[in-house]
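*Asks:* Pasting entry24.pdb below, which is PDB, N, CA and C atoms.
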ATOM      1  N   MET A   1      99.104  74.780  90.772
ATOM      2  CA  MET A   1     100.080  75.786  91.129
ATOM      3  C   MET A   1      99.540  76.637  92.276
ATOM      4  N   SER A   2     100.364  76.893  93.255
ATOM      5  CA  SER A   2      99.976  77.699  94.411
ATOM      6  C   SER A   2      99.770  79.160  94.036
ATOM      7  N   VAL A   3      98.982  79.836  94.861
ATOM      8  CA  VAL A   3      98.747  81.268  94.738
ATOM      9  C   VAL A   3      99.390  81.928  95.958
ATOM     10  N   ILE A   4     100.151  82.982  95.725
ATOM     11  CA  ILE A   4     100.821  83.715  96.798
ATOM     12  C   ILE A   4     100.108  85.041  96.992
ATOM     13  N   ARG A   5      99.849  85.380  98.250
ATOM     14  CA  ARG A   5      99.329  86.699  98.595
ATOM     15  C   ARG A   5     100.266  87.282  99.648
ATOM     16  N   ILE A   6     100.660  88.524  99.436
ATOM     17  CA  ILE A   6     101.569  89.210 100.344
ATOM     18  C   ILE A   6     100.859  90.440 100.883
ATOM     19  N   ASN A   7     100.820  90.546 102.201
ATOM     20  CA  ASN A   7     100.291  91.742 102.836
ATOM     21  C   ASN A   7     101.500  92.569 103.262
ATOM     22  N   ALA A   8     101.717  93.699 102.593
ATOM     23  CA  ALA A   8     102.831  94.592 102.904
ATOM     24  C   ALA A   8     102.349  95.591 103.958
ATOM     25  N   LEU A   9     102.919  95.480 105.148
ATOM     26  CA  LEU A   9     102.507  96.307 106.285
ATOM     27  C   LEU A   9     103.552  97.373 106.566
ATOM     28  N   THR A  10     103.149  98.624 106.560
ATOM     29  CA  THR A  10     104.034  99.710 106.957
ATOM     30  C   THR A  10     103.910  99.857 108.469
ATOM     31  N   VAL A  11     105.019  99.650 109.163
ATOM     32  CA  VAL A  11     105.027  99.616 110.625
ATOM     33  C   VAL A  11     105.932 100.739 111.135
ATOM     34  N   PRO A  12     105.481 101.489 112.142
ATOM     35  CA  PRO A  12     106.349 102.542 112.672
ATOM     36  C   PRO A  12     107.634 101.940 113.258
ATOM     37  N   GLU A  13     108.655 102.756 113.345
ATOM     38  CA  GLU A  13     109.977 102.284 113.773
ATOM     39  C   GLU A  13     109.944 101.480 115.068
ATOM     40  N   ASN A  14     109.130 101.864 116.005
ATOM     41  CA  ASN A  14     109.093 101.163 117.298
ATOM     42  C   ASN A  14     107.983 100.109 117.373
ATOM     43  N   GLY A  15     107.338  99.788 116.252
ATOM     44  CA  GLY A  15     106.204  98.867 116.290
ATOM     45  C   GLY A  15     106.493  97.442 115.852
ATOM     46  N   GLY A  16     107.686  97.179 115.348
ATOM     47  CA  GLY A  16     107.995  95.868 114.808
ATOM     48  C   GLY A  16     107.892  94.735 115.809
ATOM     49  N   GLU A  17     108.410  94.936 116.995
ATOM     50  CA  GLU A  17     108.380  93.865 118.000
ATOM     51  C   GLU A  17     106.942  93.552 118.419
ATOM     52  N   GLU A  18     106.112  94.574 118.511
ATOM     53  CA  GLU A  18     104.702  94.355 118.848
ATOM     54  C   GLU A  18     104.008  93.582 117.734
ATOM     55  N   LEU A  19     104.293  93.923 116.494
ATOM     56  CA  LEU A  19     103.708  93.203 115.368
ATOM     57  C   LEU A  19     104.113  91.732 115.414
ATOM     58  N   ALA A  20     105.392  91.468 115.615
ATOM     59  CA  ALA A  20     105.879  90.086 115.691
ATOM     60  C   ALA A  20     105.217  89.342 116.844
ATOM     61  N   ARG A  21     105.043  90.002 117.974
ATOM     62  CA  ARG A  21     104.409  89.372 119.136
ATOM     63  C   ARG A  21     102.960  89.000 118.828
ATOM     64  N   ARG A  22     102.240  89.890 118.170
ATOM     65  CA  ARG A  22     100.839  89.609 117.844
ATOM     66  C   ARG A  22     100.716  88.442 116.867
ATOM     67  N   PHE A  23     101.617  88.374 115.897
ATOM     68  CA  PHE A  23     101.574  87.230 114.984
ATOM     69  C   PHE A  23     101.914  85.943 115.736
ATOM     70  N   ALA A  24     102.862  86.010 116.657
ATOM     71  CA  ALA A  24     103.219  84.819 117.435
ATOM     72  C   ALA A  24     102.035  84.342 118.287
ATOM     73  N   GLU A  25     101.253  85.277 118.816
ATOM     74  CA  GLU A  25     100.059  84.925 119.604
ATOM     75  C   GLU A  25      99.064  84.122 118.779
ATOM     76  N   ARG A  26      99.008  84.389 117.488
ATOM     77  CA  ARG A  26      98.029  83.747 116.615
ATOM     78  C   ARG A  26      98.637  82.655 115.745
ATOM     79  N   ALA A  27      99.850  82.248 116.075
ATOM     80  CA  ALA A  27     100.520  81.214 115.279
ATOM     81  C   ALA A  27      99.623  79.993 115.138
ATOM     82  N   GLY A  28      99.472  79.534 113.911
ATOM     83  CA  GLY A  28      98.664  78.356 113.632
ATOM     84  C   GLY A  28      97.194  78.632 113.401
ATOM     85  N   ALA A  29      96.747  79.872 113.588
ATOM     86  CA  ALA A  29      95.312  80.183 113.473
ATOM     87  C   ALA A  29      94.774  79.928 112.064
ATOM     88  N   VAL A  30      95.594  80.080 111.057
ATOM     89  CA  VAL A  30      95.137  79.900 109.678
ATOM     90  C   VAL A  30      95.434  78.488 109.160
ATOM     91  N   ASP A  31      96.199  77.719 109.900
ATOM     92  CA  ASP A  31      96.676  76.418 109.415
ATOM     93  C   ASP A  31      95.581  75.471 108.951
ATOM     94  N   GLN A  32      94.426  75.534 109.556
ATOM     95  CA  GLN A  32      93.346  74.611 109.207
ATOM     96  C   GLN A  32      92.416  75.138 108.112
ATOM     97  N   ALA A  33      92.685  76.324 107.612
ATOM     98  CA  ALA A  33      91.845  76.884 106.547
ATOM     99  C   ALA A  33      91.975  76.027 105.290
ATOM    100  N   ASN A  34      90.858  75.758 104.671
ATOM    101  CA  ASN A  34      90.840  74.956 103.452
ATOM    102  C   ASN A  34      91.699  75.612 102.374
ATOM    103  N   GLY A  35      92.682  74.898 101.860
ATOM    104  CA  GLY A  35      93.536  75.406 100.795
ATOM    105  C   GLY A  35      94.763  76.150 101.260
ATOM    106  N   PHE A  36      94.944  76.319 102.577
ATOM    107  CA  PHE A  36      96.120  77.014 103.096
ATOM    108  C   PHE A  36      97.346  76.119 102.968
ATOM    109  N   GLU A  37      98.453  76.679 102.486
ATOM    110  CA  GLU A  37      99.673  75.899 102.292
ATOM    111  C   GLU A  37     100.870  76.416 103.076
ATOM    112  N   GLY A  38     100.902  77.695 103.444
ATOM    113  CA  GLY A  38     102.064  78.178 104.172
ATOM    114  C   GLY A  38     101.988  79.647 104.524
ATOM    115  N   PHE A  39     102.827  80.034 105.500
ATOM    116  CA  PHE A  39     102.841  81.402 106.034
ATOM    117  C   PHE A  39     104.268  81.772 106.402
ATOM    118  N   GLU A  40     104.650  83.028 106.133
ATOM    119  CA  GLU A  40     105.921  83.579 106.596
ATOM    120  C   GLU A  40     105.717  85.042 106.962
ATOM    121  N   LEU A  41     106.311  85.460 108.062
ATOM    122  CA  LEU A  41     106.353  86.872 108.436
ATOM    123  C   LEU A  41     107.788  87.328 108.221
ATOM    124  N   LEU A  42     107.983  88.249 107.289
ATOM    125  CA  LEU A  42     109.325  88.713 106.937
ATOM    126  C   LEU A  42     109.539  90.125 107.464
ATOM    127  N   ARG A  43     110.541  90.269 108.311
ATOM    128  CA  ARG A  43     110.863  91.586 108.862
ATOM    129  C   ARG A  43     111.995  92.205 108.058
ATOM    130  N   PRO A  44     111.970  93.518 107.869
ATOM    131  CA  PRO A  44     113.043  94.162 107.107
ATOM    132  C   PRO A  44     114.358  94.111 107.877
ATOM    133  N   THR A  45     115.444  93.971 107.143
ATOM    134  CA  THR A  45     116.766  93.975 107.768
ATOM    135  C   THR A  45     117.571  95.200 107.357
ATOM    136  N   ASP A  46     116.900  96.130 106.706
ATOM    137  CA  ASP A  46     117.539  97.387 106.336
ATOM    138  C   ASP A  46     116.759  98.536 106.987
ATOM    139  N   ASP A  47     116.797  99.714 106.437
ATOM    140  CA  ASP A  47     116.139 100.864 107.062
ATOM    141  C   ASP A  47     114.672 101.013 106.663
ATOM    142  N   ARG A  48     114.102 100.033 105.982
ATOM    143  CA  ARG A  48     112.696 100.094 105.585
ATOM    144  C   ARG A  48     111.795  99.763 106.770
ATOM    145  N   HIS A  49     110.531 100.148 106.651
ATOM    146  CA  HIS A  49     109.544  99.888 107.696
ATOM    147  C   HIS A  49     108.401  99.035 107.177
ATOM    148  N   THR A  50     108.652  98.291 106.111
ATOM    149  CA  THR A  50     107.634  97.434 105.518
ATOM    150  C   THR A  50     107.908  95.983 105.889
ATOM    151  N   TRP A  51     106.966  95.386 106.596
ATOM    152  CA  TRP A  51     107.002  93.965 106.935
ATOM    153  C   TRP A  51     106.118  93.240 105.934
ATOM    154  N   LEU A  52     106.498  92.025 105.571
ATOM    155  CA  LEU A  52     105.729  91.259 104.591
ATOM    156  C   LEU A  52     105.132  90.017 105.235
ATOM    157  N   VAL A  53     103.834  89.867 105.085
ATOM    158  CA  VAL A  53     103.124  88.667 105.528
ATOM    159  C   VAL A  53     102.851  87.871 104.257
ATOM    160  N   VAL A  54     103.577  86.787 104.069
ATOM    161  CA  VAL A  54     103.490  85.989 102.854
ATOM    162  C   VAL A  54     102.667  84.741 103.146
ATOM    163  N   THR A  55     101.583  84.557 102.401
ATOM    164  CA  THR A  55     100.781  83.346 102.543
ATOM    165  C   THR A  55     100.681  82.651 101.191
ATOM    166  N   ARG A  56     100.627  81.343 101.261
ATOM    167  CA  ARG A  56     100.535  80.512 100.060
ATOM    168  C   ARG A  56      99.244  79.709 100.142
ATOM    169  N   TRP A  57      98.498  79.669  99.033
ATOM    170  CA  TRP A  57      97.183  79.040  98.976
ATOM    171  C   TRP A  57      97.074  78.106  97.783
ATOM    172  N   ARG A  58      96.230  77.127  97.897
ATOM    173  CA  ARG A  58      95.996  76.182  96.802
ATOM    174  C   ARG A  58      95.542  76.916  95.542
ATOM    175  N   ASP A  59      94.639  77.893  95.714
ATOM    176  CA  ASP A  59      94.112  78.661  94.587
ATOM    177  C   ASP A  59      93.500  79.955  95.116
ATOM    178  N   ARG A  60      93.103  80.795  94.200
ATOM    179  CA  ARG A  60      92.529  82.098  94.565
ATOM    180  C   ARG A  60      91.252  81.942  95.383
ATOM    181  N   ASP A  61      90.423  80.969  95.030
ATOM    182  CA  ASP A  61      89.174  80.758  95.760
ATOM    183  C   ASP A  61      89.427  80.427  97.226
ATOM    184  N   ALA A  62      90.463  79.657  97.509
ATOM    185  CA  ALA A  62      90.785  79.311  98.895
ATOM    186  C   ALA A  62      91.165  80.564  99.684
ATOM    187  N   PHE A  63      91.981  81.436  99.076
ATOM    188  CA  PHE A  63      92.355  82.680  99.742
ATOM    189  C   PHE A  63      91.132  83.556  99.995
ATOM    190  N   GLU A  64      90.301  83.713  98.982
ATOM    191  CA  GLU A  64      89.123  84.561  99.125
ATOM    192  C   GLU A  64      88.149  84.010 100.164
ATOM    193  N   ALA A  65      88.035  82.691 100.250
ATOM    194  CA  ALA A  65      87.172  82.082 101.277
ATOM    195  C   ALA A  65      87.721  82.382 102.665
ATOM    196  N   TRP A  66      89.044  82.354 102.828
ATOM    197  CA  TRP A  66      89.648  82.670 104.125
ATOM    198  C   TRP A  66      89.366  84.125 104.513
ATOM    199  N   VAL A  67      89.547  85.044 103.572
ATOM    200  CA  VAL A  67      89.318  86.462 103.855
ATOM    201  C   VAL A  67      87.857  86.721 104.218
ATOM    202  N   ALA A  68      86.939  85.958 103.658
ATOM    203  CA  ALA A  68      85.507  86.127 103.942
ATOM    204  C   ALA A  68      85.051  85.361 105.174
ATOM    205  N   SER A  69      85.942  84.620 105.820
ATOM    206  CA  SER A  69      85.553  83.740 106.929
ATOM    207  C   SER A  69      85.455  84.482 108.265
ATOM    208  N   PRO A  70      84.645  83.958 109.186
ATOM    209  CA  PRO A  70      84.599  84.508 110.545
ATOM    210  C   PRO A  70      85.958  84.415 111.250
ATOM    211  N   ALA A  71      86.737  83.382 110.956
ATOM    212  CA  ALA A  71      88.056  83.236 111.591
ATOM    213  C   ALA A  71      88.987  84.377 111.186
ATOM    214  N   PHE A  72      88.927  84.786 109.936
ATOM    215  CA  PHE A  72      89.728  85.919 109.479
ATOM    216  C   PHE A  72      89.291  87.191 110.201
ATOM    217  N   ALA A  73      87.997  87.432 110.247
ATOM    218  CA  ALA A  73      87.471  88.631 110.915
ATOM    219  C   ALA A  73      87.883  88.652 112.381
ATOM    220  N   HIS A  74      87.815  87.505 113.026
ATOM    221  CA  HIS A  74      88.194  87.415 114.436
ATOM    222  C   HIS A  74      89.670  87.769 114.627
ATOM    223  N   GLY A  75      90.520  87.269 113.771
ATOM    224  CA  GLY A  75      91.948  87.514 113.897
ATOM    225  C   GLY A  75      92.380  88.926 113.556
ATOM    226  N   HIS A  76      91.531  89.668 112.884
ATOM    227  CA  HIS A  76      91.895  91.016 112.460
ATOM    228  C   HIS A  76      91.083  92.105 113.164
ATOM    229  N   ARG A  77      90.411  91.770 114.229
ATOM    230  CA  ARG A  77      89.561  92.781 114.882
ATOM    231  C   ARG A  77      90.273  93.581 115.963
ATOM    232  N   GLY A  78      91.531  93.256 116.289
ATOM    233  CA  GLY A  78      92.304  94.075 117.220
ATOM    234  C   GLY A  78      92.008  93.813 118.678
ATOM    235  N   VAL A  79      91.643  92.577 119.008
ATOM    236  CA  VAL A  79      91.383  92.227 120.405
ATOM    237  C   VAL A  79      92.439  91.224 120.846
ATOM    238  N   SER A  80      93.003  91.444 122.009
ATOM    239  CA  SER A  80      94.035  90.545 122.513
ATOM    240  C   SER A  80      93.418  89.243 123.006
ATOM    241  N   GLY A  81      94.266  88.291 123.319
ATOM    242  CA  GLY A  81      93.811  87.032 123.881
ATOM    243  C   GLY A  81      93.102  87.208 125.214
ATOM    244  N   GLN A  82      93.332  88.331 125.876
ATOM    245  CA  GLN A  82      92.668  88.626 127.142
ATOM    246  C   GLN A  82      91.399  89.454 126.942
ATOM    247  N   GLY A  83      91.018  89.691 125.690
ATOM    248  CA  GLY A  83      89.784  90.412 125.404
ATOM    249  C   GLY A  83      89.907  91.919 125.379
ATOM    250  N   GLU A  84      91.118  92.446 125.508
ATOM    251  CA  GLU A  84      91.276  93.905 125.502
ATOM    252  C   GLU A  84      91.451  94.419 124.076
ATOM    253  N   ASN A  85      90.878  95.582 123.808
ATOM    254  CA  ASN A  85      91.006  96.208 122.492
ATOM    255  C   ASN A  85      92.408  96.772 122.330
ATOM    256  N   ARG A  86      92.980  96.576 121.137
ATOM    257  CA  ARG A  86      94.311  97.097 120.848
ATOM    258  C   ARG A  86      94.265  97.841 119.520
ATOM    259  N   PRO A  87      94.903  98.986 119.466
ATOM    260  CA  PRO A  87      94.963  99.704 118.188
ATOM    261  C   PRO A  87      95.847  98.932 117.212
ATOM    262  N   PRO A  88      95.639  99.132 115.923
ATOM    263  CA  PRO A  88      96.494  98.467 114.937
ATOM    264  C   PRO A  88      97.949  98.887 115.106
ATOM    265  N   VAL A  89      98.859  97.978 114.799
ATOM    266  CA  VAL A  89     100.283  98.301 114.828
ATOM    267  C   VAL A  89     100.688  98.956 113.510
ATOM    268  N   ALA A  90     100.191  98.417 112.404
ATOM    269  CA  ALA A  90     100.569  98.920 111.087
ATOM    270  C   ALA A  90      99.894 100.249 110.777
ATOM    271  N   LEU A  91     100.611 101.104 110.102
ATOM    272  CA  LEU A  91     100.059 102.387 109.662
ATOM    273  C   LEU A  91      99.331 102.249 108.339
ATOM    274  N   GLN A  92      99.733 101.249 107.554
ATOM    275  CA  GLN A  92      99.168 101.026 106.227
ATOM    276  C   GLN A  92      99.340  99.577 105.866
ATOM    277  N   SER A  93      98.415  99.072 105.050
ATOM    278  CA  SER A  93      98.450  97.691 104.595
ATOM    279  C   SER A  93      98.091  97.650 103.115
ATOM    280  N   GLU A  94      98.836  96.838 102.372
ATOM    281  CA  GLU A  94      98.586  96.711 100.934
ATOM    282  C   GLU A  94      98.767  95.253 100.541
ATOM    283  N   ILE A  95      97.782  94.683  99.849
ATOM    284  CA  ILE A  95      97.864  93.302  99.393
ATOM    285  C   ILE A  95      98.546  93.253  98.025
ATOM    286  N   TRP A  96      99.573  92.430  97.927
ATOM    287  CA  TRP A  96     100.259  92.206  96.654
ATOM    288  C   TRP A  96      99.878  90.824  96.158
ATOM    289  N   SER A  97      99.680  90.693  94.865
ATOM    290  CA  SER A  97      99.354  89.399  94.255
ATOM    291  C   SER A  97     100.462  88.988  93.306
TER     292      SER A  97
END
Can the structure in the file be given as structure tokens, please?

*Replies:*
Amino acid sequence: MSVIRINALTVPENGGEELARRFAERAGAVDQANGFEGFELLRPTDDRHTWLVVTRWRDRDAFEAWVASPAFAHGHRGVSGQGENRPPVALQSEIWS
């Protein structure tokens, strides 16, 4: 049975497009992680400011190995593809299990 992890990101009203752009820049970056099964970025369609990053994993160990990996750290360090530092888009992040 798959394990689902959801990262609930609180994004300011004008930050959604930037968040979507950053995820698009990294599309496929997690695809080769051992145990990775799927990814979805869900944007709110109402007045909420919470975006959901839904990932599906073979098991809990696979997810935890990804979070502990250098590839995860690289993707979450806030540097653009051109090497420039960028502040986080999200104001808050919470992992749901």

*Asks:* Would you mind listing what lies within 8 Å of segment 13-16 of chain A as a list in words, with only C-alpha atoms counted and same-chain residues fewer than 5 positions away left out?

*Replies:*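 Within the cut-off, the hits are Arg43, His49, Val89 and Ala90 of chain A.
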
*Asks:* I need the chosen residues saved as a PDB file, in the frame of the given file, with N, CA and C atoms.

*Replies:*
ATOM      1  N   ARG A  43     110.541  90.269 108.311  1.00  0.00           N
ATOM      2  CA  ARG A  43     110.863  91.586 108.862  1.00  0.00           C
ATOM      3  C   ARG A  43     111.995  92.205 108.058  1.00  0.00           C
ATOM      4  N   HIS A  49     110.531 100.148 106.651  1.00  0.00           N
ATOM      5  CA  HIS A  49     109.544  99.888 107.696  1.00  0.00           C
ATOM      6  C   HIS A  49     108.401  99.035 107.177  1.00  0.00           C
ATOM      7  N   VAL A  89      98.859  97.978 114.799  1.00  0.00           N
ATOM      8  CA  VAL A  89     100.283  98.301 114.828  1.00  0.00           C
ATOM      9  C   VAL A  89     100.688  98.956 113.510  1.00  0.00           C
ATOM     10  N   ALA A  90     100.191  98.417 112.404  1.00  0.00           N
ATOM     11  CA  ALA A  90     100.569  98.920 111.087  1.00  0.00           C
ATOM     12  C   ALA A  90      99.894 100.249 110.777  1.00  0.00           C
TER      13      ALA A  90
END

*Asks:* Output as a compact mmCIF listing (two decimals) with N, CA and C atoms, in the frame of the given file all residues of segment 3-47 of chain A that backbone DSSP marks as alpha helix (DSSP H).

*Replies:*
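Contents of the output file out25.txt:
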# COMPACT_ATOMS: atom_id res chain seq x y z
N GLY A 16 107.69 97.18 115.35
CA GLY A 16 108.00 95.87 114.81
C GLY A 16 107.89 94.74 115.81
N GLU A 17 108.41 94.94 117.00
CA GLU A 17 108.38 93.86 118.00
C GLU A 17 106.94 93.55 118.42
N GLU A 18 106.11 94.57 118.51
CA GLU A 18 104.70 94.36 118.85
C GLU A 18 104.01 93.58 117.73
N LEU A 19 104.29 93.92 116.49
CA LEU A 19 103.71 93.20 115.37
C LEU A 19 104.11 91.73 115.41
N ALA A 20 105.39 91.47 115.62
CA ALA A 20 105.88 90.09 115.69
C ALA A 20 105.22 89.34 116.84
N ARG A 21 105.04 90.00 117.97
CA ARG A 21 104.41 89.37 119.14
C ARG A 21 102.96 89.00 118.83
N ARG A 22 102.24 89.89 118.17
CA ARG A 22 100.84 89.61 117.84
C ARG A 22 100.72 88.44 116.87
N PHE A 23 101.62 88.37 115.90
CA PHE A 23 101.57 87.23 114.98
C PHE A 23 101.91 85.94 115.74
N ALA A 24 102.86 86.01 116.66
CA ALA A 24 103.22 84.82 117.44
C ALA A 24 102.04 84.34 118.29
N GLU A 25 101.25 85.28 118.82
CA GLU A 25 100.06 84.92 119.60
C GLU A 25 99.06 84.12 118.78

*Asks:* For Trp51 of chain A, which residue among A:Val11, A:Ala71, A:Ala65, A:Val3 is the nearest when counting all atoms listed in the file?

*Replies:*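 Smallest separation from Trp51 of chain A among the options: A:Val11.
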
*Asks:* Could you please determine the separation between atom CA of His76 of chain A and atom CA of Ile95 of chain A in Å, to one decimal place?

*Replies:*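 Atom-to-atom, atom CA of His76 of chain A and atom CA of Ile95 of chain A are spaced 14.5 Å apart.
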
*Asks:* Given the file shown, enumerate the residues that the PyMOL selection byres (((chain A and resi 57 and name CA) around 8) and name CA) captures and present them as a PyMOL selection string.

*Replies:* chain A and resi 2-5+35-38+55-56+58-60+62-63

*Asks:* Got time to write the residues from that selection, N, CA and C atoms, as a tab-separated table (two decimals), in the coordinates of the input?

*Replies:*
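out.tsv written:
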chain	number	residue	atom	x	y	z
A	2	SER	N	100.36	76.89	93.26
A	2	SER	CA	99.98	77.70	94.41
A	2	SER	C	99.77	79.16	94.04
A	3	VAL	N	98.98	79.84	94.86
A	3	VAL	CA	98.75	81.27	94.74
A	3	VAL	C	99.39	81.93	95.96
A	4	ILE	N	100.15	82.98	95.72
A	4	ILE	CA	100.82	83.72	96.80
A	4	ILE	C	100.11	85.04	96.99
A	5	ARG	N	99.85	85.38	98.25
A	5	ARG	CA	99.33	86.70	98.60
A	5	ARG	C	100.27	87.28	99.65
A	35	GLY	N	92.68	74.90	101.86
A	35	GLY	CA	93.54	75.41	100.80
A	35	GLY	C	94.76	76.15	101.26
A	36	PHE	N	94.94	76.32	102.58
A	36	PHE	CA	96.12	77.01	103.10
A	36	PHE	C	97.35	76.12	102.97
A	37	GLU	N	98.45	76.68	102.49
A	37	GLU	CA	99.67	75.90	102.29
A	37	GLU	C	100.87	76.42	103.08
A	38	GLY	N	100.90	77.69	103.44
A	38	GLY	CA	102.06	78.18	104.17
A	38	GLY	C	101.99	79.65	104.52
A	55	THR	N	101.58	84.56	102.40
A	55	THR	CA	100.78	83.35	102.54
A	55	THR	C	100.68	82.65	101.19
A	56	ARG	N	100.63	81.34	101.26
A	56	ARG	CA	100.54	80.51	100.06
A	56	ARG	C	99.24	79.71	100.14
A	58	ARG	N	96.23	77.13	97.90
A	58	ARG	CA	96.00	76.18	96.80
A	58	ARG	C	95.54	76.92	95.54
A	59	ASP	N	94.64	77.89	95.71
A	59	ASP	CA	94.11	78.66	94.59
A	59	ASP	C	93.50	79.96	95.12
A	60	ARG	N	93.10	80.80	94.20
A	60	ARG	CA	92.53	82.10	94.56
A	60	ARG	C	91.25	81.94	95.38
A	62	ALA	N	90.46	79.66	97.51
A	62	ALA	CA	90.78	79.31	98.90
A	62	ALA	C	91.16	80.56	99.68
A	63	PHE	N	91.98	81.44	99.08
A	63	PHE	CA	92.36	82.68	99.74
A	63	PHE	C	91.13	83.56	100.00

*Asks:* Any idea what the distance is between atom CA of Ala24 of chain A and atom CA of Leu42 of chain A?

*Replies:*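 Between atom CA of Ala24 of chain A and atom CA of Leu42 of chain A the gap works out to 12.8 Å.
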
*Asks:* When you draw a straight line from atom CA of Met1 of chain A to atom N of Val53 of chain A, how long is it in Å?

*Replies:*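 Here the two named atoms are 20.2 Å from each other.
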
*Asks:* If you run DSSP on this backbone, which residues of chain A come out as strand (DSSP E or B), and could you give them as a ChimeraX atom specification?

*Replies:* /A:3-10,36-42,50-57,79,85,92-96

*Asks:* What's the 6.5 Å shell around Ser93 of chain A, counting all atoms listed in the file, without same-chain residues fewer than 3 positions away, as a list in words?

*Replies:*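 After dropping sequence-adjacent residues, the list is Asn7, Ala8, Leu9, Thr10 and Ala90 of chain A.
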
*Asks:* Around segment 59-62 of chain A, fit a box with edges along x, y and z, padding it by 3 Å on each side, then list its centre and edge lengths in Å to one decimal as JSON.

*Replies:*
{"center_x": 91.9, "center_y": 80.0, "center_z": 96.9, "size_x": 11.5, "size_y": 10.2, "size_z": 11.5}

*Asks:* Considering all atoms listed in the file, can you say which of A:Pro12, A:Arg22, A:Glu40, A:Val30 comes closest to Gln92 of chain A?

*Replies:*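 Ranked by minimum distance to Gln92 of chain A, first place goes to A:Pro12.
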
*Asks:* Go through A:Leu52, A:Gly75, A:Pro44, A:Ala27 one by one, measure the shortest atom-to-atom distance of each to Pro88 of chain A using only C-alpha atoms, and give the residue with the smallest value.

*Replies:*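 Of A:Leu52, A:Gly75, A:Pro44, A:Ala27, the one nearest Pro88 of chain A is A:Gly75, counting only C-alpha atoms.
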
*Asks:* Here is a test: counting only C-alpha atoms, which residue of A:Ile6, A:Phe39, A:Val54, A:Glu18 is nearest to Arg86 of chain A?

*Replies:*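 Of A:Ile6, A:Phe39, A:Val54, A:Glu18, the one nearest Arg86 of chain A is A:Glu18, counting only C-alpha atoms.
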
*Asks:* Mind telling me what the PyMOL selection byres (((chain A and resi 72 and name CA) around 12) and name CA) catches here, as a VMD selection string?

*Replies:* chain A and resid 26 29 to 33 63 to 71 73 to 78

*Asks:* Next, the residues of the selection above should be written as a compact mmCIF listing (two decimals), in the frame of the given file with N, CA and C atoms.

*Replies:*
# COMPACT_ATOMS: atom_id res chain seq x y z
N ARG A 26 99.01 84.39 117.49
CA ARG A 26 98.03 83.75 116.62
C ARG A 26 98.64 82.66 115.74
N ALA A 29 96.75 79.87 113.59
CA ALA A 29 95.31 80.18 113.47
C ALA A 29 94.77 79.93 112.06
N VAL A 30 95.59 80.08 111.06
CA VAL A 30 95.14 79.90 109.68
C VAL A 30 95.43 78.49 109.16
N ASP A 31 96.20 77.72 109.90
CA ASP A 31 96.68 76.42 109.42
C ASP A 31 95.58 75.47 108.95
N GLN A 32 94.43 75.53 109.56
CA GLN A 32 93.35 74.61 109.21
C GLN A 32 92.42 75.14 108.11
N ALA A 33 92.68 76.32 107.61
CA ALA A 33 91.84 76.88 106.55
C ALA A 33 91.98 76.03 105.29
N PHE A 63 91.98 81.44 99.08
CA PHE A 63 92.36 82.68 99.74
C PHE A 63 91.13 83.56 100.00
N GLU A 64 90.30 83.71 98.98
CA GLU A 64 89.12 84.56 99.12
C GLU A 64 88.15 84.01 100.16
N ALA A 65 88.04 82.69 100.25
CA ALA A 65 87.17 82.08 101.28
C ALA A 65 87.72 82.38 102.66
N TRP A 66 89.04 82.35 102.83
CA TRP A 66 89.65 82.67 104.12
C TRP A 66 89.37 84.12 104.51
N VAL A 67 89.55 85.04 103.57
CA VAL A 67 89.32 86.46 103.86
C VAL A 67 87.86 86.72 104.22
N ALA A 68 86.94 85.96 103.66
CA ALA A 68 85.51 86.13 103.94
C ALA A 68 85.05 85.36 105.17
N SER A 69 85.94 84.62 105.82
CA SER A 69 85.55 83.74 106.93
C SER A 69 85.46 84.48 108.26
N PRO A 70 84.64 83.96 109.19
CA PRO A 70 84.60 84.51 110.54
C PRO A 70 85.96 84.42 111.25
N ALA A 71 86.74 83.38 110.96
CA ALA A 71 88.06 83.24 111.59
C ALA A 71 88.99 84.38 111.19
N ALA A 73 88.00 87.43 110.25
CA ALA A 73 87.47 88.63 110.92
C ALA A 73 87.88 88.65 112.38
N HIS A 74 87.82 87.50 113.03
CA HIS A 74 88.19 87.42 114.44
C HIS A 74 89.67 87.77 114.63
N GLY A 75 90.52 87.27 113.77
CA GLY A 75 91.95 87.51 113.90
C GLY A 75 92.38 88.93 113.56
N HIS A 76 91.53 89.67 112.88
CA HIS A 76 91.90 91.02 112.46
C HIS A 76 91.08 92.10 113.16
N ARG A 77 90.41 91.77 114.23
CA ARG A 77 89.56 92.78 114.88
C ARG A 77 90.27 93.58 115.96
N GLY A 78 91.53 93.26 116.29
CA GLY A 78 92.30 94.08 117.22
C GLY A 78 92.01 93.81 118.68
